[in-house]
file entry.txt (compact mmCIF, C-alpha atoms)
# COMPACT_ATOMS: atom_id res chain seq x y z
CA MET A 1 0.00 0.00 0.00
CA ALA A 2 1.56 3.24 -1.09
CA VAL A 3 1.01 6.39 0.92
CA ARG A 4 0.43 10.02 0.01
CA SER A 5 1.13 12.95 2.30
CA ASP A 6 -1.46 15.68 2.77
CA THR A 7 0.88 18.12 1.04
CA GLU A 8 0.53 16.40 -2.35
CA THR A 9 -1.73 17.98 -4.94
CA HIS A 10 -3.19 17.05 -8.29
CA GLU A 11 -4.98 19.04 -10.97
CA PRO A 12 -8.52 17.75 -11.57
CA PRO A 13 -10.43 18.81 -14.65
CA GLY A 14 -12.88 20.73 -12.46
CA PRO A 15 -16.07 20.00 -10.53
CA PRO A 16 -18.80 17.85 -12.09
CA PRO A 17 -21.41 19.87 -13.95
CA VAL A 18 -24.65 20.88 -12.26
CA GLY A 19 -27.12 18.03 -12.52
CA CYS A 20 -24.38 15.41 -12.90
CA PRO A 21 -25.07 12.40 -10.65
CA LEU A 22 -21.49 12.66 -9.37
CA ALA A 23 -22.28 16.03 -7.80
CA ASP A 24 -24.03 14.16 -4.95
CA TYR A 25 -21.75 11.12 -4.83
CA ASP A 26 -20.01 10.72 -1.46
CA PRO A 27 -18.80 7.16 -0.79
CA PHE A 28 -18.33 7.96 2.90
CA SER A 29 -21.74 9.54 3.54
CA PRO A 30 -24.08 7.71 5.96
CA ALA A 31 -26.82 7.65 3.32
CA PHE A 32 -24.61 5.99 0.72
CA VAL A 33 -23.16 3.49 3.18
CA ALA A 34 -26.64 2.57 4.40
CA ASP A 35 -27.99 2.00 0.87
CA PRO A 36 -25.72 2.70 -2.11
CA HIS A 37 -28.09 1.41 -4.79
CA PRO A 38 -30.06 4.62 -5.48
CA THR A 39 -26.76 6.44 -6.03
CA LEU A 40 -25.38 3.65 -8.18
CA ARG A 41 -28.47 3.75 -10.38
CA ALA A 42 -27.96 7.49 -10.82
CA LEU A 43 -24.25 7.10 -11.60
CA ARG A 44 -25.02 4.75 -14.49
CA ARG A 45 -26.72 7.66 -16.27
CA GLN A 46 -23.24 9.17 -16.66
CA PRO A 47 -21.15 6.01 -16.57
CA VAL A 48 -17.68 7.60 -16.76
CA ALA A 49 -17.13 10.92 -14.98
CA TYR A 50 -14.50 12.65 -12.88
CA HIS A 51 -15.01 12.92 -9.11
CA PRO A 52 -12.80 15.63 -7.55
CA PRO A 53 -13.11 14.56 -3.88
CA THR A 54 -11.50 11.17 -4.59
CA GLY A 55 -9.42 12.31 -7.55
CA CYS A 56 -10.84 9.42 -9.57
CA TRP A 57 -12.79 8.84 -12.76
CA VAL A 58 -15.80 6.84 -11.56
CA VAL A 59 -16.77 3.95 -13.87
CA SER A 60 -20.23 2.54 -13.21
CA ARG A 61 -21.48 0.20 -15.95
CA HIS A 62 -20.72 -3.51 -16.10
CA ARG A 63 -19.19 -3.47 -19.57
CA ASP A 64 -16.86 -0.58 -18.71
CA VAL A 65 -15.83 -2.04 -15.35
CA ARG A 66 -15.08 -5.30 -17.13
CA THR A 67 -12.87 -3.45 -19.62
CA VAL A 68 -10.99 -1.71 -16.80
CA LEU A 69 -10.32 -5.02 -15.05
CA THR A 70 -9.33 -7.05 -18.09
CA ASP A 71 -7.24 -4.52 -20.05
CA ALA A 72 -4.26 -4.47 -17.71
CA ASP A 73 -2.02 -2.91 -20.34
CA THR A 74 -4.16 0.25 -20.36
CA PHE A 75 -5.52 0.15 -16.79
CA ALA A 76 -2.61 -0.70 -14.49
CA PRO A 77 -3.00 -1.81 -10.85
CA ASP A 78 -0.29 0.49 -9.50
CA ASN A 79 -2.68 2.59 -7.37
CA ALA A 80 -4.85 -0.28 -6.12
CA LEU A 81 -3.52 -0.01 -2.56
CA HIS A 82 -2.87 3.73 -2.32
CA ALA A 83 -4.31 5.58 0.67
CA ILE A 84 -7.40 7.36 -0.60
CA THR A 85 -7.16 10.02 2.12
CA PRO A 86 -3.72 11.69 2.06
CA LEU A 87 -1.84 10.80 5.21
CA SER A 88 -0.78 13.45 7.69
CA VAL A 89 2.88 14.02 8.51
CA PRO A 90 2.51 12.45 12.00
CA ALA A 91 0.96 9.31 10.49
CA LEU A 92 3.74 9.10 7.89
CA ARG A 93 6.30 9.52 10.63
CA VAL A 94 4.80 6.62 12.59
CA LEU A 95 4.88 4.37 9.52
CA ALA A 96 8.49 5.35 8.83
CA GLU A 97 9.47 4.53 12.41
CA HIS A 98 8.07 1.03 11.89
CA GLY A 99 9.97 0.62 8.60
CA PHE A 100 6.68 0.42 6.70
CA SER A 101 7.22 -0.23 2.99
CA LEU A 102 5.10 -2.26 0.61
CA PRO A 103 6.54 -2.72 -2.90
CA PRO A 104 4.38 -4.02 -5.77
CA THR A 105 3.66 -7.71 -5.18
CA LEU A 106 0.10 -8.91 -5.94
CA ALA A 107 -2.94 -6.60 -6.14
CA ASN A 108 -0.79 -3.55 -6.96
CA ASN A 109 1.74 -5.26 -9.22
CA GLY A 110 1.77 -4.86 -12.98
CA THR A 111 5.42 -5.82 -13.45
CA ALA A 112 7.09 -9.01 -14.68
CA THR A 113 7.38 -10.25 -11.08
CA HIS A 114 3.60 -10.64 -10.72
CA PRO A 115 2.95 -13.93 -12.57
CA GLY A 116 5.48 -15.91 -10.53
CA LEU A 117 4.27 -14.52 -7.22
CA ARG A 118 0.67 -15.13 -8.18
CA ARG A 119 1.41 -18.77 -9.08
CA LEU A 120 3.18 -19.23 -5.73
CA VAL A 121 0.23 -17.90 -3.74
CA ALA A 122 -2.38 -19.59 -5.95
CA ALA A 123 -0.86 -22.97 -5.07
CA HIS A 124 -2.16 -22.44 -1.52
CA PHE A 125 -5.74 -21.77 -2.69
CA THR A 126 -6.40 -24.71 -5.01
CA SER A 127 -9.80 -26.39 -4.91
CA GLU A 128 -8.21 -29.42 -3.26
CA ARG A 129 -6.76 -27.31 -0.46
CA VAL A 130 -10.04 -25.47 0.01
CA ARG A 131 -11.86 -28.81 0.33
CA ALA A 132 -9.29 -29.91 2.89
CA VAL A 133 -9.97 -26.94 5.19
CA THR A 134 -13.76 -26.97 4.77
CA PRO A 135 -14.29 -29.32 7.76
CA LEU A 136 -12.27 -26.88 9.88
CA ALA A 137 -14.45 -24.00 8.70
CA ARG A 138 -17.58 -25.95 9.61
CA SER A 139 -16.21 -26.91 13.02
CA LEU A 140 -15.28 -23.31 13.84
CA VAL A 141 -18.71 -22.03 12.83
CA ARG A 142 -20.33 -24.67 15.02
CA ASP A 143 -18.16 -23.55 17.93
CA GLY A 144 -19.42 -20.03 17.38
CA LEU A 145 -23.00 -21.22 17.23
CA ARG A 146 -22.61 -22.87 20.63
CA GLU A 147 -21.61 -19.47 21.98
CA ALA A 148 -24.57 -17.91 20.17
CA ALA A 149 -26.89 -20.46 21.77
CA ALA A 150 -25.56 -19.53 25.20
CA ASP A 151 -26.15 -15.84 24.43
CA LEU A 152 -29.72 -16.52 23.33
CA ALA A 153 -30.41 -18.57 26.43
CA GLY A 154 -28.99 -15.85 28.67
CA THR A 155 -29.99 -12.54 27.10
CA GLY A 156 -32.32 -13.46 24.25
CA THR A 157 -30.04 -11.97 21.60
CA THR A 158 -26.68 -12.63 19.98
CA ASP A 159 -24.45 -10.95 17.42
CA LEU A 160 -23.67 -13.35 14.59
CA ALA A 161 -20.99 -10.99 13.31
CA GLU A 162 -19.01 -11.69 16.46
CA ARG A 163 -19.96 -15.34 16.99
CA VAL A 164 -19.99 -16.71 13.42
CA ALA A 165 -18.22 -14.29 11.08
CA ALA A 166 -15.35 -12.67 12.95
CA HIS A 167 -12.80 -15.36 13.71
CA PRO A 168 -13.39 -18.54 11.67
CA PRO A 169 -12.11 -16.97 8.40
CA ALA A 170 -8.88 -15.86 10.07
CA ARG A 171 -8.27 -19.28 11.62
CA VAL A 172 -9.04 -21.06 8.34
CA LEU A 173 -6.71 -18.78 6.37
CA LEU A 174 -3.85 -19.26 8.80
CA SER A 175 -4.31 -23.02 8.60
CA LEU A 176 -4.43 -22.93 4.81
CA LEU A 177 -1.20 -20.93 4.63
CA GLY A 178 0.60 -23.05 7.21
CA MET A 179 1.11 -20.13 9.60
CA ARG A 180 1.31 -21.02 13.28
CA ASP A 181 1.47 -19.03 16.51
CA VAL A 182 -0.63 -16.16 15.17
CA ASP A 183 -3.28 -14.61 17.42
CA PRO A 184 -6.42 -14.29 15.24
CA ARG A 185 -7.82 -11.50 17.40
CA LEU A 186 -4.67 -9.43 17.01
CA LEU A 187 -4.70 -10.14 13.27
CA LYS A 188 -8.28 -8.80 13.12
CA THR A 189 -7.26 -5.63 14.97
CA TRP A 190 -4.34 -5.04 12.62
CA SER A 191 -6.45 -5.80 9.55
CA GLN A 192 -9.32 -3.49 10.44
CA ALA A 193 -6.95 -0.67 11.28
CA SER A 194 -5.16 -1.09 7.94
CA LEU A 195 -8.42 -1.05 5.98
CA GLU A 196 -9.55 2.15 7.68
CA LEU A 197 -6.16 3.84 7.28
CA PHE A 198 -5.86 3.17 3.56
CA TRP A 199 -9.50 3.07 2.42
CA GLY A 200 -11.22 5.27 4.98
CA ASN A 201 -11.47 8.98 5.66
CA PRO A 202 -9.91 9.33 9.12
CA GLY A 203 -8.77 12.61 10.59
CA PRO A 204 -5.13 13.25 11.55
CA ASP A 205 -5.37 11.99 15.14
CA ARG A 206 -7.18 8.86 14.06
CA GLN A 207 -4.64 8.34 11.26
CA ARG A 208 -1.82 8.37 13.76
CA ASP A 209 -3.49 5.71 15.92
CA LEU A 210 -4.26 3.56 12.89
CA ALA A 211 -0.69 3.95 11.63
CA GLU A 212 0.59 2.53 14.92
CA GLU A 213 -1.50 -0.62 14.35
CA ALA A 214 -0.59 -0.94 10.67
CA GLY A 215 3.07 -0.29 11.40
CA GLY A 216 3.07 -2.82 14.21
CA PHE A 217 1.57 -5.41 11.87
CA HIS A 218 4.24 -4.70 9.26
CA ARG A 219 7.05 -4.88 11.82
CA TRP A 220 5.72 -8.20 13.18
CA LEU A 221 5.56 -9.62 9.65
CA SER A 222 9.12 -8.47 8.97
CA ARG A 223 10.37 -10.35 12.02
CA LEU A 224 8.35 -13.42 11.02
CA VAL A 225 9.69 -13.47 7.45
CA SER A 226 13.25 -12.84 8.62
CA GLY A 227 12.98 -15.73 11.05
CA THR A 228 11.69 -18.00 8.31
CA ALA A 229 14.55 -16.97 6.03
CA ALA A 230 16.94 -18.28 8.68
CA SER A 231 15.22 -21.70 8.48
CA PRO A 232 15.38 -22.64 4.77
CA GLY A 233 13.39 -25.83 5.25
CA GLU A 234 10.33 -24.04 6.63
CA GLY A 235 7.03 -25.02 4.99
CA GLY A 236 3.85 -23.10 4.26
CA LEU A 237 3.54 -19.78 2.49
CA LEU A 238 6.41 -18.14 4.32
CA GLY A 239 8.82 -20.92 3.37
CA ASP A 240 7.71 -20.70 -0.25
CA LEU A 241 8.25 -16.94 -0.28
CA VAL A 242 11.77 -16.96 1.13
CA ARG A 243 12.76 -19.62 -1.44
CA HIS A 244 11.16 -17.76 -4.35
CA HIS A 245 13.32 -16.20 -7.05
CA LEU A 246 12.35 -13.35 -9.35
CA PRO A 247 12.53 -13.62 -13.16
CA ASP A 248 16.06 -12.19 -13.14
CA GLY A 249 17.22 -14.84 -10.69
CA ARG A 250 17.38 -12.65 -7.58
CA PRO A 251 15.73 -13.93 -4.40
CA LEU A 252 12.44 -12.28 -3.53
CA GLY A 253 13.78 -10.65 -0.38
CA VAL A 254 12.19 -9.84 2.97
CA GLU A 255 10.57 -6.55 1.95
CA ALA A 256 8.66 -8.05 -0.97
CA ALA A 257 7.72 -11.17 1.02
CA VAL A 258 6.26 -8.93 3.71
CA GLY A 259 4.36 -7.07 0.98
CA VAL A 260 2.76 -10.32 -0.18
CA CYS A 261 1.78 -11.34 3.33
CA TYR A 262 0.51 -7.95 4.46
CA PHE A 263 -2.40 -7.60 2.09
CA LEU A 264 -3.01 -11.35 1.74
CA LEU A 265 -3.52 -11.75 5.48
CA ILE A 266 -5.96 -8.84 5.45
CA ALA A 267 -7.95 -9.58 2.30
CA GLY A 268 -7.86 -13.35 2.81
CA GLN A 269 -10.00 -13.19 5.94
CA GLU A 270 -11.39 -9.71 6.59
CA THR A 271 -13.41 -9.55 3.36
CA THR A 272 -14.70 -13.08 4.03
CA SER A 273 -15.96 -11.98 7.44
CA GLN A 274 -17.67 -9.07 5.69
CA LEU A 275 -19.23 -11.43 3.15
CA VAL A 276 -20.57 -13.71 5.90
CA ASN A 277 -22.09 -10.70 7.67
CA ALA A 278 -23.69 -9.47 4.45
CA ALA A 279 -25.07 -12.93 3.66
CA LEU A 280 -26.52 -13.52 7.12
CA HIS A 281 -28.08 -10.07 7.24
CA ARG A 282 -29.58 -10.32 3.76
CA VAL A 283 -31.02 -13.83 4.02
CA LEU A 284 -32.36 -13.37 7.56
CA GLY A 285 -34.38 -10.49 6.14
CA ASN A 286 -36.37 -13.08 4.13
CA PRO A 287 -37.96 -15.50 6.66
CA GLU A 288 -39.26 -17.86 3.98
CA LEU A 289 -35.82 -18.14 2.40
CA TRP A 290 -34.30 -18.71 5.84
CA ARG A 291 -36.73 -21.56 6.51
CA ARG A 292 -35.80 -23.15 3.19
CA LEU A 293 -32.13 -22.94 4.14
CA ALA A 294 -32.91 -24.61 7.46
CA THR A 295 -34.34 -27.64 5.66
CA GLY A 296 -31.03 -28.14 3.85
CA GLU A 297 -32.43 -27.45 0.37
CA PRO A 298 -29.60 -28.58 -1.94
CA GLY A 299 -27.59 -25.75 -3.49
CA LEU A 300 -29.62 -22.97 -1.88
CA ALA A 301 -26.81 -21.67 0.36
CA ALA A 302 -24.48 -21.41 -2.64
CA HIS A 303 -27.14 -19.60 -4.68
CA CYS A 304 -27.74 -17.16 -1.82
CA VAL A 305 -24.03 -16.39 -1.52
CA GLU A 306 -23.81 -15.69 -5.25
CA GLU A 307 -26.70 -13.21 -5.07
CA VAL A 308 -25.10 -11.51 -2.08
CA LEU A 309 -21.90 -11.17 -4.09
CA ARG A 310 -23.87 -9.62 -6.93
CA LEU A 311 -26.12 -7.30 -4.94
CA ASP A 312 -24.25 -6.75 -1.64
CA THR A 313 -20.60 -7.50 -2.37
CA PRO A 314 -18.42 -6.22 0.48
CA VAL A 315 -15.73 -5.14 -1.99
CA LEU A 316 -17.72 -2.43 -3.72
CA THR A 317 -14.97 -0.58 -5.65
CA TRP A 318 -11.42 -1.10 -6.89
CA ARG A 319 -8.88 1.24 -8.44
CA ARG A 320 -6.71 1.35 -11.53
CA VAL A 321 -4.58 4.00 -13.25
CA THR A 322 -4.36 4.61 -17.00
CA THR A 323 -0.98 4.00 -18.63
CA ARG A 324 -1.88 6.01 -21.74
CA PRO A 325 -4.71 8.18 -23.07
CA THR A 326 -7.78 6.08 -23.72
CA VAL A 327 -11.52 6.33 -24.37
CA LEU A 328 -14.16 4.62 -22.24
CA SER A 329 -17.85 4.91 -23.17
CA GLY A 330 -17.02 7.91 -25.32
CA VAL A 331 -15.15 9.73 -22.54
CA GLU A 332 -11.48 10.60 -23.06
CA LEU A 333 -9.24 9.71 -20.14
CA PRO A 334 -5.70 11.10 -19.97
CA ALA A 335 -2.63 9.04 -19.12
CA GLY A 336 -2.17 8.77 -15.37
CA ALA A 337 -5.89 9.03 -14.61
CA ALA A 338 -7.03 7.25 -11.45
CA VAL A 339 -10.06 5.08 -12.15
CA LEU A 340 -12.58 3.94 -9.52
CA ALA A 341 -14.41 0.86 -10.82
CA GLN A 342 -17.80 0.32 -9.19
CA LEU A 343 -17.88 -3.45 -8.67
CA LEU A 344 -21.14 -3.27 -6.74
CA GLY A 345 -22.75 -1.06 -9.34
CA ALA A 346 -21.67 -3.45 -12.09
CA GLY A 347 -23.53 -6.29 -10.37
CA SER A 348 -26.79 -4.38 -10.34
CA ASP A 349 -26.50 -3.10 -13.91
CA PRO A 350 -29.77 -3.80 -15.79
CA ASP A 351 -27.68 -4.62 -18.85
CA LEU A 352 -26.28 -7.56 -16.87
CA VAL A 353 -29.39 -9.21 -15.39
CA ALA A 354 -33.15 -8.84 -15.41
CA GLU A 355 -34.72 -7.38 -12.26
CA PRO A 356 -31.29 -6.29 -11.01
CA ASP A 357 -32.53 -5.00 -7.63
CA ARG A 358 -34.37 -8.22 -6.78
CA PHE A 359 -32.59 -10.77 -4.57
CA ARG A 360 -33.18 -13.92 -6.59
CA PRO A 361 -31.00 -16.93 -5.64
CA GLY A 362 -30.46 -19.31 -8.53
CA ARG A 363 -30.95 -16.72 -11.27
CA PRO A 364 -29.36 -17.47 -14.67
CA ASN A 365 -25.80 -16.20 -15.25
CA ALA A 366 -25.46 -15.55 -11.53
CA ARG A 367 -21.67 -15.49 -11.62
CA ARG A 368 -21.35 -12.74 -14.21
CA HIS A 369 -20.92 -10.19 -11.42
CA LEU A 370 -17.45 -8.75 -10.82
CA ALA A 371 -17.30 -9.02 -7.03
CA PHE A 372 -13.98 -10.88 -7.16
CA GLY A 373 -12.55 -8.80 -9.98
CA LEU A 374 -11.50 -10.25 -13.32
CA GLY A 375 -8.42 -10.77 -15.44
CA ARG A 376 -4.84 -10.99 -14.21
CA HIS A 377 -5.72 -9.86 -10.69
CA VAL A 378 -8.92 -11.81 -10.06
CA CYS A 379 -9.20 -12.73 -6.38
CA LEU A 380 -7.22 -15.87 -5.54
CA GLY A 381 -9.39 -16.58 -2.51
CA ALA A 382 -12.75 -16.49 -4.31
CA GLY A 383 -13.37 -20.22 -3.91
CA LEU A 384 -12.49 -20.17 -0.22
CA ALA A 385 -14.69 -17.14 0.47
CA ARG A 386 -17.66 -18.76 -1.26
CA VAL A 387 -17.27 -21.97 0.74
CA GLU A 388 -16.93 -20.20 4.07
CA ALA A 389 -20.00 -18.05 3.45
CA GLU A 390 -22.02 -21.11 2.35
CA VAL A 391 -20.98 -23.01 5.49
CA ALA A 392 -21.92 -20.08 7.73
CA LEU A 393 -25.38 -19.79 6.15
CA ASP A 394 -26.02 -23.53 6.15
CA GLU A 395 -24.91 -24.18 9.72
CA THR A 396 -26.63 -21.13 11.20
CA ALA A 397 -29.95 -21.80 9.49
CA ARG A 398 -29.91 -25.46 10.51
CA ALA A 399 -29.06 -24.53 14.09
CA PHE A 400 -31.67 -21.77 14.38
CA PRO A 401 -34.50 -22.20 11.84
CA ARG A 402 -36.66 -19.58 13.57
CA LEU A 403 -33.99 -16.95 14.06
CA VAL A 404 -35.21 -13.34 13.76
CA ARG A 405 -33.15 -10.40 12.53
CA MET A 406 -33.38 -7.60 15.11
CA GLU A 407 -32.09 -4.69 13.00
CA GLY A 408 -33.15 -3.67 9.52
CA ARG A 409 -30.39 -1.04 9.34
CA PRO A 410 -27.41 -2.21 11.39
CA PRO A 411 -24.24 -0.16 11.88
CA MET A 412 -22.12 -0.48 8.76
CA LEU A 413 -18.46 -0.56 7.82
CA GLY A 414 -18.25 2.23 5.24
CA LEU A 415 -14.91 2.61 3.44
CA LEU A 416 -14.14 3.52 -0.14
CA SER A 417 -13.77 -0.12 -1.21
CA PHE A 418 -15.31 -2.07 1.68
CA ARG A 419 -18.89 -2.06 2.95
CA ALA A 420 -20.71 -4.60 5.15
CA PRO A 421 -22.87 -4.85 8.27
CA ALA A 422 -20.71 -4.43 11.35
CA ARG A 423 -23.30 -6.25 13.46
CA VAL A 424 -25.88 -8.97 12.78
CA LEU A 425 -28.07 -8.83 15.87
CA VAL A 426 -30.60 -11.67 16.09
CA GLY A 427 -33.04 -13.25 18.51
CA LEU A 428 -35.68 -15.97 18.72
CA PRO A 429 -39.46 -15.52 18.55
CA ARG A 430 -41.17 -15.02 21.88
CA GLY A 431 -41.90 -18.42 23.35
CA GLY A 432 -39.56 -20.07 20.85
CA ARG A 433 -36.56 -22.02 21.96
CA ASP A 434 -34.07 -23.39 19.51
CA GLY A 435 -35.93 -23.97 16.30
CA ALA A 436 -38.96 -25.34 14.54
CA GLY A 437 -40.29 -28.44 16.23
CA GLY A 438 -38.00 -27.91 19.24
CA ARG A 439 -34.91 -29.03 17.32
CA PRO A 440 -31.77 -27.96 19.21
CA PRO A 441 -29.18 -25.82 17.41
CA GLY A 442 -26.79 -27.79 15.27
CA THR A 443 -28.98 -30.76 14.47
CA GLY A 444 -29.75 -31.66 10.92
CA ASP A 445 -26.68 -33.66 9.98
CA GLY A 446 -25.86 -34.63 13.57
CA SER A 447 -26.24 -32.76 16.84
CA LEU A 448 -23.49 -30.44 17.98
CA TYR A 449 -24.26 -31.08 21.61
call {"tool": "encode", "arguments": {"input": "entry.txt", "output": "structure tokens"}}
result
Amino acid sequence: MAVRSDTETHEPPGPPPVGCPLADYDPFSPAFVADPHPTLRALRRQPVAYHPPTGCWVVSRHRDVRTVLTDADTFAPDNALHAITPLSVPALRVLAEHGFSLPPTLANNGTATHPGLRRLVAAHFTSERVRAVTPLARSLVRDGLREAAADLAGTGTTDLAERVAAHPPARVLLSLLGMRDVDPRLLKTWSQASLELFWGNPGPDRQRDLAEEAGGFHRWLSRLVSGTAASPGEGGLLGDLVRHHLPDGRPLGVEAAVGVCYFLLIAGQETTSQLVNAALHRVLGNPELWRRLATGEPGLAAHCVEEVLRLDTPVLTWRRVTTRPTVLSGVELPAGAAVLAQLLGAGSDPDLVAEPDRFRPGRPNARRHLAFGLGRHVCLGAGLARVEAEVALDETARAFPRLVRMEGRPPMLGLLSFRAPARVLVGLPRGGRDGAGGRPPGTGDGSLY
């Protein structure tokens, strides 16, 4: 993740014209975070337009977003991890004190080193490896549901974001990557601070606090990679990274290895937690659909996850920068133009699907959304995220068939590129215990208790 100081300037082409949908576009506003779809519908009326507050050309239609993601020669990933809010001098000083430096490695890498690094990491996310950790994912969700059951028995409510979504993805990812002795709770703290620092709109004091967390994460990773480098036989991702050589024959080096791990350890679990929250919140809002899930209807959990990815993807935007002048939907973009691709807006484009605002699990062409990106930088963890969200839906519905969502508008994470419910507060109907017919939580394919 590159950083900008608050002293840097750029020369935008001017404010959007009066009446332009972009004039009211604020990705950090409470109204947009609560429900972005009205704004996204308006943006598609002017599908490519400059937005001075972010310094980006906003791209809103599916076909244009697809072009941005697949034409890597014209739309480079160099700015994908830049801080959207320029960092204050105190925050930059904190990062420098921690030795914070993230060279191009994966999501922000358009150089010749990318294919080899991508192959190395992809080897840890194969379908076989995902299948191997699926029982662990299911076991961890069931552990969380036991805690949820205790909450419901004691207070009548529980937060599924905390019990089901928060920690299983981190533990599964660490297992998948062969990383031991990592505190998942500390990893979550570091990850959330990093997301807010680089994709949020924090003030200077908040930036400094977030920089301490992000810098501490980076320093810890540097020590971990350096220790692995001293043990050449080490397995897992870290061992693979320290043994990796670049196309010119040079070893990857500690700095680049840390760069790979930094974003991978954030994106590989934090966005999955967000997806689980979004899926639970969305499907619990449809009691009939929830009851169908509870019966174990084949394929329904997977269909629900796919519709959540289309209509409520937690990764709602991604950035690129033009390498040369180009034209997109009749709009001329100069070289060096920052582009903000609306992944969420692309999924609800009426040119993509019929009834785009309707949540319709099992619809035709369901996977044509762009929630995981596309092209050279498509998300390596897409398969794992889908499986973990499906498991969370399946296990929770089976455990609590009569669960009731307590909040229609929960508090939300609202960053430039990340949006999801921060809480999924639920309860049971008055007089109800565990589920329809008195079935205790976790039964269906064998009791958990």
call {"tool": "residues_around", "arguments": {"input": "entry.txt", "residues": "segment 348-354 of chain A", "least_positions_apart": "2", "cutoff": "9 Å", "atoms": "all atoms listed in the file", "output": "PyMOL selection string"}}
result
chain A and resi 37+40-41+44+60-63+310-311+344-346+356-358+363-366+368-369
call {"tool": "atom_distance", "arguments": {"input": "entry.txt", "atom1": "atom CA of Val424 of chain A", "atom2": "atom CA of Asp159 of chain A"}}
result
5.2 Å
call {"tool": "atom_distance", "arguments": {"input": "entry.txt", "atom1": "atom CA of Thr155 of chain A", "atom2": "atom CA of Leu284 of chain A"}}
result
19.7 Å
call {"tool": "atom_distance", "arguments": {"input": "entry.txt", "atom1": "atom CA of Ala123 of chain A", "atom2": "atom CA of Leu106 of chain A"}}
result
14.1 Å
call {"tool": "residues_around", "arguments": {"input": "entry.txt", "residues": "Leu195 of chain A", "least_positions_apart": "5", "cutoff": "12 Å", "atoms": "all atoms listed in the file", "output": "PyMOL selection string"}}
result
chain A and resi 1+81-85+188-190+200-202+207+210-211+213-214+262-263+265-267+270-271+315+413-419
call {"tool": "residues_around", "arguments": {"input": "entry.txt", "residues": "Arg118 of chain A", "least_positions_apart": "6", "cutoff": "9 Å", "atoms": "all atoms listed in the file", "output": "PyMOL selection string"}}
result
chain A and resi 105-106+377+380
call {"tool": "closest_residue", "arguments": {"input": "entry.txt", "among": "A:Asp151, A:Glu390, A:Asp24, A:Asp240", "to": "Pro298 of chain A", "atoms": "all atoms listed in the file"}}
result
A:Glu390
call {"tool": "residues_around", "arguments": {"input": "entry.txt", "residues": "Val283 of chain A", "least_positions_apart": "5", "cutoff": "12 Å", "atoms": "all atoms listed in the file", "output": "PDB file with C-alpha atoms, in the frame of the given file"}}
result
ATOM      1  CA  VAL A 276     -20.570 -13.710   5.900  1.00  0.00           C
ATOM      2  CA  ASN A 277     -22.090 -10.700   7.670  1.00  0.00           C
ATOM      3  CA  ALA A 278     -23.690  -9.470   4.450  1.00  0.00           C
ATOM      4  CA  GLU A 288     -39.260 -17.860   3.980  1.00  0.00           C
ATOM      5  CA  LEU A 289     -35.820 -18.140   2.400  1.00  0.00           C
ATOM      6  CA  TRP A 290     -34.300 -18.710   5.840  1.00  0.00           C
ATOM      7  CA  ARG A 291     -36.730 -21.560   6.510  1.00  0.00           C
ATOM      8  CA  ARG A 292     -35.800 -23.150   3.190  1.00  0.00           C
ATOM      9  CA  LEU A 293     -32.130 -22.940   4.140  1.00  0.00           C
ATOM     10  CA  ALA A 294     -32.910 -24.610   7.460  1.00  0.00           C
ATOM     11  CA  LEU A 300     -29.620 -22.970  -1.880  1.00  0.00           C
ATOM     12  CA  ALA A 301     -26.810 -21.670   0.360  1.00  0.00           C
ATOM     13  CA  HIS A 303     -27.140 -19.600  -4.680  1.00  0.00           C
ATOM     14  CA  CYS A 304     -27.740 -17.160  -1.820  1.00  0.00           C
ATOM     15  CA  VAL A 305     -24.030 -16.390  -1.520  1.00  0.00           C
ATOM     16  CA  GLU A 306     -23.810 -15.690  -5.250  1.00  0.00           C
ATOM     17  CA  GLU A 307     -26.700 -13.210  -5.070  1.00  0.00           C
ATOM     18  CA  VAL A 308     -25.100 -11.510  -2.080  1.00  0.00           C
ATOM     19  CA  ASP A 312     -24.250  -6.750  -1.640  1.00  0.00           C
ATOM     20  CA  PHE A 359     -32.590 -10.770  -4.570  1.00  0.00           C
ATOM     21  CA  ARG A 360     -33.180 -13.920  -6.590  1.00  0.00           C
ATOM     22  CA  PRO A 361     -31.000 -16.930  -5.640  1.00  0.00           C
ATOM     23  CA  ALA A 389     -20.000 -18.050   3.450  1.00  0.00           C
ATOM     24  CA  GLU A 390     -22.020 -21.110   2.350  1.00  0.00           C
ATOM     25  CA  ALA A 392     -21.920 -20.080   7.730  1.00  0.00           C
ATOM     26  CA  LEU A 393     -25.380 -19.790   6.150  1.00  0.00           C
ATOM     27  CA  ASP A 394     -26.020 -23.530   6.150  1.00  0.00           C
ATOM     28  CA  THR A 396     -26.630 -21.130  11.200  1.00  0.00           C
ATOM     29  CA  ALA A 397     -29.950 -21.800   9.490  1.00  0.00           C
ATOM     30  CA  PRO A 401     -34.500 -22.200  11.840  1.00  0.00           C
ATOM     31  CA  LEU A 403     -33.990 -16.950  14.060  1.00  0.00           C
ATOM     32  CA  VAL A 404     -35.210 -13.340  13.760  1.00  0.00           C
ATOM     33  CA  ARG A 405     -33.150 -10.400  12.530  1.00  0.00           C
ATOM     34  CA  GLY A 408     -33.150  -3.670   9.520  1.00  0.00           C
ATOM     35  CA  VAL A 424     -25.880  -8.970  12.780  1.00  0.00           C
TER      36      VAL A 424
END
call {"tool": "residues_around", "arguments": {"input": "entry.txt", "residues": "Ala132 of chain A", "least_positions_apart": "2", "cutoff": "12 Å", "atoms": "all atoms listed in the file", "output": "ChimeraX atom specification"}}
result
/A:124-130,134-138,172-173,175-176,384,387
call {"tool": "residues_near_point", "arguments": {"input": "entry.txt", "point": "(-25.3, -7.9, 12.8)", "cutoff": "6 Å", "atoms": "only C-alpha atoms", "output": "NGL selection string"}}
result
:A and (159-161 or 421-425)
